[in-house]
$ cat start36.cif   # mmCIF, C-alpha atoms and all ligand atoms
data_coords
#
loop_
_atom_site.label_atom_id
_atom_site.label_comp_id
_atom_site.auth_asym_id
_atom_site.auth_seq_id
_atom_site.Cartn_x
_atom_site.Cartn_y
_atom_site.Cartn_z
CA VAL Y 10 -1.90 8.14 6.52
CA LYS Y 11 1.60 9.00 7.66
CA SER Y 12 4.36 10.18 5.35
CA ASP Y 13 8.09 9.54 5.07
CA PRO Y 14 9.54 11.41 2.06
CA GLU Y 15 13.09 10.37 2.94
CA LEU Y 16 12.24 6.68 2.70
CA TRP Y 17 10.29 7.25 -0.52
CA GLU Y 18 13.26 9.07 -2.00
CA LYS Y 19 15.46 6.07 -1.23
CA LEU Y 20 12.98 3.86 -3.02
CA GLY Y 21 13.19 5.97 -6.18
CA MET Y 22 9.60 7.16 -6.04
CA ASP Y 23 8.07 10.23 -7.63
CA VAL Y 24 7.95 11.87 -4.21
CA ALA Y 25 6.37 15.15 -5.28
CA ARG Y 26 3.43 13.40 -6.85
CA PHE Y 27 3.14 10.67 -4.26
CA SER Y 28 3.05 13.17 -1.40
CA GLY Y 29 -0.25 14.44 -2.76
CA MET Y 30 -1.80 10.97 -2.70
CA PRO Y 31 -1.94 9.80 0.93
CA PRO Y 32 -4.52 12.44 1.97
CA MET Y 33 -6.90 11.00 -0.61
CA LEU Y 34 -6.59 7.62 1.02
CA THR Y 35 -7.12 9.19 4.44
CA ASN Y 36 -10.32 10.93 3.40
CA ALA Y 37 -11.75 7.89 1.68
CA TYR Y 38 -10.84 5.74 4.67
CA ARG Y 39 -12.48 8.13 7.07
CA ASN Y 40 -15.71 8.21 5.07
CA ILE Y 41 -15.94 4.53 4.34
CA PHE Y 42 -14.50 2.91 7.47
CA LEU Y 43 -14.08 5.22 10.43
CA SER Y 44 -17.56 6.68 10.05
CA GLN Y 45 -19.17 3.32 10.91
CA GLN Y 46 -20.94 3.06 14.25
CA ASN Y 47 -20.20 0.36 16.78
CA ARG Y 48 -17.15 -1.19 15.12
CA PRO Y 49 -15.20 -3.89 16.99
CA GLU Y 50 -12.43 -2.28 19.06
CA ARG Y 51 -9.83 -4.65 17.67
CA MET Y 52 -10.23 -3.02 14.26
CA ALA Y 53 -7.79 -0.43 15.64
CA TYR Y 54 -4.82 -2.56 14.62
CA PHE Y 55 -6.04 -2.79 11.03
CA ASP Y 56 -6.83 0.94 10.88
CA ASP Y 57 -3.29 1.50 12.03
CA MET Y 58 -1.93 -0.76 9.31
CA VAL Y 59 -3.69 1.43 6.77
CA ALA Y 60 -2.37 4.60 8.45
CA ASN Y 61 1.15 3.15 8.20
CA ILE Y 62 0.71 1.69 4.76
CA HIS Y 63 3.27 4.04 3.20
CA THR Y 64 5.65 4.30 6.15
CA GLY Y 65 5.96 1.74 8.97
CA ARG Y 66 5.30 -1.40 6.98
CA ILE Y 67 7.42 -0.16 4.07
CA GLN Y 68 10.24 0.58 6.49
CA GLU Y 69 10.01 -2.98 7.86
CA ILE Y 70 10.18 -4.41 4.36
CA TYR Y 71 13.00 -2.08 3.36
CA ASP Y 72 15.03 -3.12 6.42
CA ALA Y 73 14.44 -6.80 5.69
CA LYS Y 74 15.59 -6.30 2.13
CA GLU Y 75 18.72 -4.46 3.27
CA GLY Y 76 19.35 -7.50 5.48
CA GLY Y 77 19.41 -9.72 2.38
CA LYS Y 78 15.87 -11.11 2.67
CA PRO Y 79 14.02 -11.69 -0.59
CA VAL Y 80 11.05 -9.39 -1.23
CA ILE Y 81 8.73 -10.71 -3.91
CA GLY Y 82 5.73 -8.96 -5.42
CA THR Y 83 2.82 -11.01 -6.77
CA PHE Y 84 -0.55 -10.42 -8.42
CA CYS Y 85 -2.26 -13.70 -7.98
CA VAL Y 86 -3.06 -16.16 -5.22
CA TYR Y 87 -1.55 -18.94 -7.35
CA VAL Y 88 2.00 -17.81 -6.53
CA PRO Y 89 2.97 -19.75 -3.37
CA GLU Y 90 3.96 -17.33 -0.62
CA GLU Y 91 4.91 -20.28 1.62
CA LEU Y 92 8.18 -20.60 -0.32
CA VAL Y 93 9.04 -16.92 0.17
CA VAL Y 94 8.39 -17.16 3.91
CA ALA Y 95 10.47 -20.36 3.96
CA ALA Y 96 13.42 -18.39 2.57
CA GLY Y 97 12.99 -15.81 5.34
CA GLY Y 98 11.52 -13.34 2.87
CA ILE Y 99 8.47 -11.20 2.38
CA CYS Y 100 5.74 -11.80 -0.15
CA ILE Y 101 3.54 -8.87 -1.07
CA GLY Y 102 0.34 -8.96 -3.05
CA LEU Y 103 0.82 -5.78 -5.05
CA CYS Y 104 -1.99 -3.25 -5.23
CA GLY Y 105 -4.03 -2.67 -8.32
CA GLY Y 106 -7.25 -1.23 -7.04
CA ALA Y 107 -6.92 2.51 -7.59
CA GLN Y 108 -8.25 4.83 -10.24
CA GLY Y 109 -5.34 7.23 -9.66
CA SER Y 110 -2.76 5.14 -11.53
CA ILE Y 111 -4.90 4.22 -14.55
CA ALA Y 112 -3.96 7.29 -16.62
CA ASP Y 113 -0.25 6.42 -16.23
CA ALA Y 114 -0.93 2.94 -17.59
CA GLU Y 115 -3.08 4.15 -20.46
CA LYS Y 116 -0.14 6.11 -21.86
CA ILE Y 117 1.28 2.70 -22.74
CA LEU Y 118 -1.32 -0.05 -22.45
CA PRO Y 119 -4.57 -0.28 -24.41
CA ARG Y 120 -7.54 1.25 -22.61
CA ASN Y 121 -9.87 -1.69 -23.12
CA ILE Y 122 -8.32 -4.05 -20.63
CA CYS Y 123 -8.99 -4.91 -17.00
CA PRO Y 124 -8.65 -1.93 -14.61
CA MET Y 125 -6.75 -4.07 -12.09
CA VAL Y 126 -3.98 -4.73 -14.60
CA LYS Y 127 -3.89 -1.09 -15.66
CA SER Y 128 -3.88 0.18 -12.10
CA ALA Y 129 -0.99 -2.07 -11.09
CA PHE Y 130 1.05 -1.28 -14.18
CA GLY Y 131 0.36 2.44 -13.69
CA PHE Y 132 1.66 2.29 -10.12
CA LYS Y 133 4.99 1.04 -11.40
CA VAL Y 134 5.45 3.32 -14.41
CA GLY Y 135 4.32 6.35 -12.38
CA LYS Y 136 6.63 5.36 -9.47
CA ILE Y 137 3.78 5.97 -7.05
CA CYS Y 138 3.67 2.73 -5.08
CA PRO Y 139 6.38 2.11 -2.47
CA TYR Y 140 5.61 -1.63 -2.50
CA PHE Y 141 6.34 -1.82 -6.20
CA GLN Y 142 9.57 0.08 -5.61
CA VAL Y 143 10.82 -2.12 -2.78
CA VAL Y 144 10.43 -5.56 -4.38
CA ASP Y 145 13.43 -7.48 -5.72
CA LEU Y 146 11.30 -8.99 -8.40
CA VAL Y 147 7.74 -9.55 -9.44
CA TYR Y 148 6.37 -13.02 -10.03
CA GLY Y 149 3.50 -12.91 -12.49
CA GLU Y 150 1.47 -15.76 -13.93
CA THR Y 151 -0.29 -16.86 -17.09
CA THR Y 152 -3.83 -16.71 -15.77
CA CYS Y 153 -5.60 -14.23 -18.01
CA ASP Y 154 -4.44 -12.69 -21.28
CA ALA Y 155 -4.32 -9.13 -19.92
CA LYS Y 156 -1.95 -10.13 -17.16
CA LYS Y 157 0.33 -12.45 -19.07
CA LYS Y 158 0.94 -9.96 -21.89
CA THR Y 159 1.40 -7.06 -19.49
CA TRP Y 160 4.20 -8.94 -17.71
CA GLU Y 161 6.27 -8.73 -20.89
CA LEU Y 162 6.10 -4.94 -20.68
CA LEU Y 163 6.37 -4.75 -16.92
CA ASP Y 164 9.70 -6.55 -17.15
CA ARG Y 165 11.13 -3.33 -18.64
CA TYR Y 166 10.56 -1.57 -15.32
CA VAL Y 167 11.09 -4.31 -12.73
CA PRO Y 168 12.44 -7.87 -13.16
CA THR Y 169 9.29 -9.89 -13.86
CA HIS Y 170 9.24 -13.68 -13.84
CA VAL Y 171 6.23 -15.61 -15.04
CA MET Y 172 4.79 -18.82 -13.62
CA GLU Y 173 2.88 -20.88 -16.12
CA ILE Y 174 -0.47 -21.78 -14.64
CA PRO Y 175 -2.21 -24.42 -16.75
CA GLN Y 176 -5.87 -23.91 -17.65
CA MET Y 177 -7.04 -27.40 -16.85
CA LYS Y 178 -6.57 -29.58 -13.81
CA ARG Y 179 -5.63 -32.98 -15.21
CA GLU Y 180 -2.78 -35.19 -14.00
CA ARG Y 181 -0.45 -33.88 -16.76
CA ASP Y 182 -1.31 -30.31 -15.75
CA LYS Y 183 -0.35 -31.11 -12.20
CA ARG Y 184 3.04 -32.37 -13.34
CA LEU Y 185 3.69 -29.12 -15.19
CA TRP Y 186 2.51 -27.12 -12.20
CA VAL Y 187 4.86 -28.85 -9.77
CA GLU Y 188 7.77 -27.98 -12.09
CA GLU Y 189 6.67 -24.34 -12.11
CA VAL Y 190 6.56 -24.35 -8.31
CA LYS Y 191 10.10 -25.72 -8.24
CA ASP Y 192 11.26 -22.94 -10.58
CA PHE Y 193 9.67 -20.39 -8.29
CA LYS Y 194 11.57 -21.82 -5.35
CA VAL Y 195 14.82 -21.57 -7.28
CA ALA Y 196 14.11 -17.92 -8.18
CA VAL Y 197 13.46 -17.05 -4.53
CA ASP Y 198 16.49 -18.99 -3.26
CA ARG Y 199 18.72 -17.28 -5.80
CA ILE Y 200 18.21 -13.97 -3.98
CA THR Y 201 19.42 -15.34 -0.64
CA GLY Y 202 22.07 -17.58 -2.13
CA ASN Y 203 20.87 -20.43 0.11
CA GLU Y 204 18.72 -23.37 -0.78
CA THR Y 205 15.72 -23.58 1.55
CA ASP Y 206 15.52 -27.06 2.98
CA PHE Y 207 12.67 -29.34 4.04
CA GLU Y 208 12.44 -27.85 7.55
CA ALA Y 209 12.33 -24.29 6.24
CA VAL Y 210 9.60 -25.13 3.74
CA ALA Y 211 7.66 -26.92 6.49
CA GLY Y 212 7.94 -23.75 8.57
CA GLY Y 213 6.71 -21.58 5.69
CA ILE Y 214 3.75 -23.90 5.18
CA ARG Y 215 2.88 -23.83 8.89
CA THR Y 216 3.03 -20.02 9.01
CA ILE Y 217 0.78 -19.49 6.01
CA ASN Y 218 -1.58 -22.33 7.00
CA ALA Y 219 -1.98 -20.59 10.35
CA LYS Y 220 -2.76 -17.30 8.62
CA ARG Y 221 -5.36 -18.93 6.39
CA ALA Y 222 -6.88 -20.80 9.35
CA ALA Y 223 -7.23 -17.52 11.28
CA LEU Y 224 -9.06 -15.99 8.31
CA GLN Y 225 -11.32 -19.05 8.15
CA ARG Y 226 -12.17 -18.56 11.82
CA LEU Y 227 -12.89 -14.88 11.24
CA ASN Y 228 -15.08 -15.55 8.21
CA ALA Y 229 -17.07 -18.19 10.09
CA LEU Y 230 -17.72 -15.71 12.91
CA ARG Y 231 -18.96 -12.98 10.61
CA HIS Y 232 -21.49 -15.46 9.18
CA HIS Y 233 -23.42 -15.22 12.43
CA THR Y 234 -26.83 -13.54 12.15
CA PRO Y 235 -26.78 -10.66 13.00
CA SER Y 236 -23.20 -10.09 11.80
CA PRO Y 237 -20.77 -8.89 14.47
CA ILE Y 238 -18.61 -7.09 11.87
CA SER Y 239 -19.30 -5.21 8.65
CA GLY Y 240 -18.42 -6.41 5.17
CA ARG Y 241 -16.26 -3.33 4.70
CA ASP Y 242 -14.13 -4.18 7.72
CA MET Y 243 -13.83 -7.76 6.55
CA LEU Y 244 -12.72 -6.56 3.14
CA ILE Y 245 -9.97 -4.34 4.50
CA ILE Y 246 -8.66 -7.16 6.71
CA GLN Y 247 -8.56 -9.51 3.73
CA GLN Y 248 -6.71 -6.85 1.74
CA ILE Y 249 -4.20 -6.27 4.56
CA ALA Y 250 -3.54 -10.05 4.60
CA PHE Y 251 -1.54 -9.49 1.41
CA TYR Y 252 0.99 -7.08 2.81
CA ASP Y 253 1.23 -7.51 6.58
CA GLU Y 254 3.78 -9.65 8.39
CA PRO Y 255 2.02 -13.05 8.52
CA VAL Y 256 2.71 -14.10 12.14
CA ARG Y 257 1.67 -10.73 13.58
CA PHE Y 258 -1.34 -10.57 11.28
CA THR Y 259 -2.48 -14.05 12.39
CA GLU Y 260 -2.23 -13.04 16.02
CA LYS Y 261 -4.25 -9.86 15.43
CA VAL Y 262 -6.94 -11.71 13.51
CA HIS Y 263 -7.32 -14.14 16.42
CA GLU Y 264 -7.58 -11.25 18.87
CA LEU Y 265 -10.34 -9.78 16.74
CA CYS Y 266 -12.04 -13.19 16.58
CA ASP Y 267 -12.01 -13.40 20.38
CA GLU Y 268 -13.76 -10.05 20.50
CA LEU Y 269 -16.28 -11.11 17.86
CA GLU Y 270 -17.06 -14.29 19.80
CA LYS Y 271 -17.86 -12.12 22.77
CA ARG Y 272 -19.98 -9.81 20.63
CA VAL Y 273 -21.94 -12.78 19.31
CA GLN Y 274 -22.54 -14.04 22.88
CA ASP Y 275 -23.62 -10.60 24.04
CA GLY Y 276 -25.81 -10.02 21.00
CA VAL Y 277 -23.73 -7.04 19.81
CA ALA Y 278 -24.00 -6.64 16.05
CA ILE Y 279 -22.94 -4.21 13.38
CA ALA Y 280 -26.49 -3.96 12.05
CA PRO Y 281 -29.93 -5.22 13.15
CA LYS Y 282 -30.96 -8.82 12.60
CA GLU Y 283 -33.32 -8.00 9.76
CA THR Y 284 -30.58 -6.28 7.69
CA PRO Y 285 -30.44 -7.91 4.21
CA ARG Y 286 -27.38 -10.15 3.84
CA ILE Y 287 -25.40 -10.19 0.61
CA LEU Y 288 -22.71 -12.54 -0.66
CA VAL Y 289 -20.32 -10.94 -3.14
CA SER Y 290 -18.69 -13.27 -5.66
CA GLY Y 291 -16.33 -12.73 -8.56
CA THR Y 292 -13.17 -10.82 -9.36
CA PRO Y 293 -10.80 -9.72 -6.59
CA MET Y 294 -11.00 -6.27 -5.03
CA ALA Y 295 -7.40 -5.14 -4.70
CA LEU Y 296 -6.52 -2.37 -2.28
CA PRO Y 297 -7.92 0.35 -2.22
CA ASN Y 298 -10.98 -0.86 -4.12
CA TRP Y 299 -13.91 -0.54 -1.67
CA LYS Y 300 -16.45 0.71 -4.17
CA LEU Y 301 -19.03 -2.09 -4.24
CA HIS Y 302 -18.96 -2.84 -0.51
CA TYR Y 303 -19.50 0.82 0.20
CA ILE Y 304 -22.46 0.97 -2.18
CA ILE Y 305 -24.05 -2.21 -0.78
CA GLU Y 306 -23.64 -1.26 2.86
CA SER Y 307 -24.70 2.36 2.28
CA ALA Y 308 -27.88 0.96 0.73
CA GLY Y 309 -28.71 -0.70 4.06
CA ALA Y 310 -27.45 -4.26 3.55
CA VAL Y 311 -24.47 -6.08 5.01
CA VAL Y 312 -21.91 -8.09 3.01
CA VAL Y 313 -21.48 -11.46 4.72
CA ASN Y 314 -19.00 -13.25 2.45
CA GLU Y 315 -16.57 -12.58 -0.39
CA GLU Y 316 -16.17 -15.48 -2.80
CA SER Y 317 -13.07 -13.89 -4.24
CA CYS Y 318 -9.28 -14.09 -4.17
CA ILE Y 319 -9.43 -11.20 -1.71
CA GLY Y 320 -11.77 -13.46 0.22
CA THR Y 321 -12.39 -17.16 0.60
CA ARG Y 322 -10.41 -18.34 -2.43
CA TYR Y 323 -7.33 -17.11 -0.58
CA TYR Y 324 -7.89 -19.12 2.57
CA LYS Y 325 -10.48 -21.87 2.14
CA ASP Y 326 -7.81 -24.56 1.56
CA LEU Y 327 -4.77 -25.45 3.66
CA ILE Y 328 -1.68 -27.46 2.74
CA ASP Y 329 -1.33 -30.96 4.15
CA GLU Y 330 1.59 -30.67 6.60
CA GLY Y 331 2.40 -34.38 6.73
CA ALA Y 332 4.88 -34.65 3.81
CA ALA Y 333 7.91 -36.91 4.31
CA ASP Y 334 10.35 -35.20 1.95
CA MET Y 335 10.75 -32.10 -0.17
CA ASP Y 336 9.29 -33.66 -3.33
CA GLN Y 337 6.16 -34.69 -1.49
CA GLN Y 338 6.04 -31.32 0.24
CA LEU Y 339 6.03 -29.42 -3.07
CA GLU Y 340 3.49 -31.82 -4.49
CA ARG Y 341 1.13 -31.30 -1.57
CA LEU Y 342 1.64 -27.58 -1.81
CA THR Y 343 0.72 -27.74 -5.50
CA GLU Y 344 -2.35 -29.86 -4.74
CA ARG Y 345 -3.60 -27.13 -2.41
CA TYR Y 346 -3.06 -24.47 -5.05
CA MET Y 347 -4.88 -26.56 -7.62
CA LYS Y 348 -8.02 -26.33 -5.51
CA ILE Y 349 -8.29 -22.59 -6.12
CA ASP Y 350 -11.16 -22.28 -8.55
CA CYS Y 351 -10.27 -19.28 -10.69
CA SER Y 352 -12.42 -18.68 -13.76
CA CYS Y 353 -9.26 -18.86 -15.89
CA PHE Y 354 -9.72 -22.66 -15.70
CA THR Y 355 -11.93 -24.76 -17.90
CA PRO Y 356 -14.15 -26.40 -16.93
CA ASN Y 357 -14.58 -24.65 -13.61
CA ASP Y 358 -17.87 -25.94 -12.27
CA ASP Y 359 -16.34 -26.50 -8.83
CA ARG Y 360 -16.46 -22.75 -8.39
CA ILE Y 361 -20.21 -22.61 -9.02
CA ASP Y 362 -20.73 -25.32 -6.36
CA GLN Y 363 -18.41 -23.45 -4.01
CA VAL Y 364 -20.35 -20.18 -4.37
CA ILE Y 365 -23.58 -21.99 -3.54
CA ARG Y 366 -21.95 -23.67 -0.52
CA GLU Y 367 -20.69 -20.32 0.75
CA PHE Y 368 -24.09 -18.77 0.14
CA GLU Y 369 -25.65 -21.42 2.39
CA ALA Y 370 -22.94 -21.26 5.06
CA SER Y 371 -23.01 -17.48 5.32
CA GLY Y 372 -26.75 -17.07 5.76
CA ALA Y 373 -26.76 -14.73 2.76
CA GLU Y 374 -30.04 -13.85 1.10
CA GLY Y 375 -28.78 -12.73 -2.28
CA ILE Y 376 -25.67 -12.85 -4.47
CA ILE Y 377 -24.09 -9.90 -6.23
CA ASP Y 378 -21.53 -11.11 -8.75
CA TYR Y 379 -18.79 -8.55 -9.22
CA CYS Y 380 -16.89 -8.44 -12.47
CA LEU Y 381 -14.18 -6.00 -13.38
CA GLN Y 382 -14.64 -4.55 -16.83
CA PHE Y 383 -13.08 -6.62 -19.62
CA CYS Y 384 -12.56 -9.67 -17.42
CA HIS Y 385 -13.95 -12.15 -19.89
CA THR Y 386 -13.54 -15.30 -17.85
CA TYR Y 387 -15.49 -14.12 -14.79
CA ASN Y 388 -17.99 -12.31 -16.97
CA ILE Y 389 -18.82 -15.42 -18.98
CA GLU Y 390 -18.80 -17.65 -15.91
CA ALA Y 391 -21.50 -15.41 -14.44
CA VAL Y 392 -23.88 -17.05 -16.95
CA LYS Y 393 -23.50 -20.41 -15.19
CA LEU Y 394 -23.68 -18.83 -11.78
CA ARG Y 395 -26.92 -17.08 -12.69
CA GLU Y 396 -28.38 -20.37 -13.92
CA ALA Y 397 -27.37 -22.12 -10.68
CA CYS Y 398 -29.01 -19.34 -8.65
CA GLU Y 399 -32.17 -19.36 -10.75
CA ALA Y 400 -32.48 -23.12 -10.31
CA ARG Y 401 -32.38 -22.65 -6.53
CA GLY Y 402 -34.43 -19.47 -6.30
CA ILE Y 403 -31.46 -17.44 -5.05
CA PRO Y 404 -31.74 -13.71 -5.87
CA PHE Y 405 -28.82 -12.89 -8.18
CA MET Y 406 -27.45 -9.78 -9.78
CA ALA Y 407 -24.33 -9.35 -11.94
CA ILE Y 408 -22.39 -6.11 -11.97
CA GLU Y 409 -19.61 -5.13 -14.34
CA THR Y 410 -17.68 -2.03 -13.39
CA ASP Y 411 -14.28 -0.39 -13.10
CA TYR Y 412 -12.69 1.96 -10.56
CA SER Y 413 -14.08 5.22 -11.87
CA PRO Y 414 -16.75 7.00 -9.83
CA ASP Y 415 -18.78 7.68 -13.01
CA ASP Y 416 -21.22 4.80 -12.60
CA MET Y 417 -21.71 5.19 -8.82
CA GLY Y 418 -25.21 6.65 -9.17
CA GLN Y 419 -26.34 3.97 -11.57
CA LEU Y 420 -24.89 1.18 -9.40
CA GLN Y 421 -26.49 2.62 -6.29
CA THR Y 422 -29.91 2.54 -7.98
CA ARG Y 423 -29.45 -1.04 -9.16
CA VAL Y 424 -28.14 -2.28 -5.81
CA GLU Y 425 -30.95 -0.57 -3.89
CA ALA Y 426 -33.56 -2.15 -6.17
CA PHE Y 427 -31.93 -5.56 -5.71
CA ILE Y 428 -31.82 -5.24 -1.93
CA GLU Y 429 -35.48 -4.23 -1.81
CA GLN Y 430 -36.46 -7.37 -3.63
CA ILE Y 431 -34.77 -9.81 -1.18
S1 LIG Y 501 -6.63 -16.81 -9.06
S2 LIG Y 501 -8.99 -14.32 -9.92
S3 LIG Y 501 -5.89 -13.51 -8.36
S4 LIG Y 501 -6.03 -14.67 -11.77
S5 LIG Y 501 -6.59 -9.46 -13.92
S6 LIG Y 501 -8.49 -12.49 -14.30
S7 LIG Y 501 -9.99 -9.54 -12.98
S8 LIG Y 501 -9.05 -9.68 -16.40
S9 LIG Y 501 -7.35 -11.33 -11.03
FE1 LIG Y 501 -7.06 -13.33 -10.34
FE2 LIG Y 501 -5.30 -15.18 -9.72
FE3 LIG Y 501 -7.64 -15.84 -10.80
FE4 LIG Y 501 -7.53 -14.96 -8.34
FE5 LIG Y 501 -9.97 -10.88 -14.74
FE6 LIG Y 501 -8.59 -8.68 -14.44
FE7 LIG Y 501 -7.44 -10.86 -15.42
FE8 LIG Y 501 -8.11 -10.78 -12.92
#

$ encode --input "start36.cif" --output "structure tokens" --more "lines below"
Ligand code: BJ8
Amino acid sequence: VKSDPELWEKLGMDVARFSGMPPMLTNAYRNIFLSQQNRPERMAYFDDMVANIHTGRIQEIYDAKEGGKPVIGTFCVYVPEELVVAAGGICIGLCGGAQGSIADAEKILPRNICPMVKSAFGFKVGKICPYFQVVDLVYGETTCDAKKKTWELLDRYVPTHVMEIPQMKRERDKRLWVEEVKDFKVAVDRITGNETDFEAVAGGIRTINAKRAALQRLNALRHHTPSPISGRDMLIIQQIAFYDEPVRFTEKVHELCDELEKRVQDGVAIAPKETPRILVSGTPMALPNWKLHYIIESAGAVVVNEESCIGTRYYKDLIDEGAADMDQQLERLTERYMKIDCSCFTPNDDRIDQVIREFEASGAEGIIDYCLQFCHTYNIEAVKLREACEARGIPFMAIETDYSPDDMGQLQTRVEAFIEQI
């Protein structure tokens, strides 16, 4: 990972401390990603994105911001990035997947809450994430309790707006949601001083639809047996989707897809045909959380699908592009967002059906449900998912963990035993 202390200084970071962090990322990346045999060549672009994570991409965003473009940080796939792109801005899914920032957060927040929330909050209070430093504002949401209450505190460090996401999907909830989307648009437009019009919003929708469609193509290709790409590589691409420039990213994903198509034709795979295939469902794995994929693939299996917000929930649905006016446009946008089946909703049985559909489409042979510690909604929903799997004879295992390496040995043993049984 490259370094740029001058840029970090400008962003008000704790440069001394931050300078010690990139090598950790480099070493982990080398062990987990670069050590794989027979990776697709087109992964080079994504490796490069990681190498430039704290320099090149930050510089691009910094320059855009200096040029008056809005830069918005988000923590949830319910916040519509289309409207940021429409305003000529940059939307970044902020990181919250590292153990290194948890201690900073625990000086303020209670310990017994989700590690993703703590990690993200710790990045900001410790001034050790350039993405957090570069944003104009953060747009949070009222999905889970840990997040919505943390936003009140986060607002002391960076302007934090909150989008109310209802917890049911009835007609009256949709009406509220559309109003929240309109407020978000106003907040973004306020930064530029211009109101984005119908054409601009249509452009934003097209750009992000194209990005999601590219990810759909990629995910369908990796479902091939044997898989042409590892689960780890798929995970990093899906994580990069949240901070790369969308048009360039889309292009690079298609280039990789072209290569994977060729690999499938030529019978080139990342692992032999008989390699056990695992679908991972559950809570998102924010950058740089690679723990479970690493354990599963080191145990001799391959991850063939992520039913997650850093996965299919992010791209399975597109927005209908045929709206006639702005009101209809924002309504159709909202309808697409309402299809995301986060466990924060009740009831949420669509998600159970979706996991089963993805299990069938991906040629998986078992499901590992991943739950971050203290995430009550996903943890409780795992009960229904287990029942659905039992009814169909699908091997199922639920894991609850955090970012610490302490339970690695125990998880390895459990995952190995699970893989042996499928
Ligand atoms: S749409 S999954 S990105 S809320 S932070 S709920 S893990 S306790 S992330 Fe999420 Fe939006 Fe839903 Fe997706 Fe649990 Fe942790 Fe809360 Fe979390």

$ closest_residue --input "start36.cif" --among "Y:Val277, Y:Val262, Y:Leu43, Y:Cys123" --to "ligand LIG 501 (chain Y)" --atoms "all atoms listed in the file"
Y:Cys123

$ residues_near_ligand --input "start36.cif" --ligand "ligand LIG 501 (chain Y)" --cutoff "8 Å" --atoms "all atoms listed in the file" --output "PyMOL selection string"
chain Y and resi 84-87+122-126+150+152-156+291-293+317-319+322+349-353+380-387

$ residues_around --input "start36.cif" --residues "region 131-134 of chain Y" --least-positions-apart "4" --cutoff "6 Å" --atoms "all atoms listed in the file" --output "MDAnalysis selection string"
chainID Y and resid 110:111 113:114 127 138

$ residues_around --input "start36.cif" --residues "Pro285 (chain Y)" --least-positions-apart "3" --cutoff "8 Å" --atoms "all atoms listed in the file" --output "list in words"
Gly309, Ala310, Val311, Ala373, Glu374, Ile428 and Ile431 of chain Y

$ residues_near_point --input "start36.cif" --point "(10.5, 11.6, -2.6)" --cutoff "12 Å" --atoms "all atoms listed in the file" --output "ChimeraX atom specification"
/Y:12-29,63,136-139,142

$ atom_distance --input "start36.cif" --atom1 "CA of Ala53 (chain Y)" --atom2 "CA of Asp275 (chain Y)"
20.6 Å

$ closest_atom_pairs --input "start36.cif" --of "region 315-419 of chain Y" --to "region 158-177 of chain Y" --cutoff "9 Å" --atoms "all atoms listed in the file" --output "JSON lines"
{"residue": "Y:Cys353", "atom": "CA", "partner": "Y:Gln176", "partner_atom": "CA", "distance": 6.3}
{"residue": "Y:Phe354", "atom": "CA", "partner": "Y:Gln176", "partner_atom": "CA", "distance": 4.5}
{"residue": "Y:Thr355", "atom": "CA", "partner": "Y:Met177", "partner_atom": "CA", "distance": 5.7}
{"residue": "Y:Pro356", "atom": "CA", "partner": "Y:Met177", "partner_atom": "CA", "distance": 7.2}
{"residue": "Y:Asn357", "atom": "CA", "partner": "Y:Met177", "partner_atom": "CA", "distance": 8.7}

$ residues_around --input "start36.cif" --residues "region 336-347 of chain Y" --least-positions-apart "6" --cutoff "7 Å" --atoms "only C-alpha atoms" --output "MDAnalysis selection string"
chainID Y and resid 87 186:187 326:329

$ residues_near_point --input "start36.cif" --point "(-19.8, -15.8, -10.6)" --cutoff "6 Å" --atoms "all atoms listed in the file" --output "tab-separated table (two decimals) with C-alpha atoms, in the coordinates of the input"
chain	number	residue	atom	x	y	z
Y	290	SER	CA	-18.69	-13.27	-5.66
Y	291	GLY	CA	-16.33	-12.73	-8.56
Y	378	ASP	CA	-21.53	-11.11	-8.75
Y	390	GLU	CA	-18.80	-17.65	-15.91
Y	391	ALA	CA	-21.50	-15.41	-14.44
Y	394	LEU	CA	-23.68	-18.83	-11.78

$ closest_residue --input "start36.cif" --among "Y:Gln419, Y:Asn228, Y:Ser236, Y:Asn61" --to "Ile249 (chain Y)" --atoms "only C-alpha atoms"
Y:Asn61

$ closest_residue --input "start36.cif" --among "Y:Asn40, Y:Asn218, Y:Thr284, Y:Thr205" --to "Ala308 (chain Y)" --atoms "only C-alpha atoms"
Y:Thr284
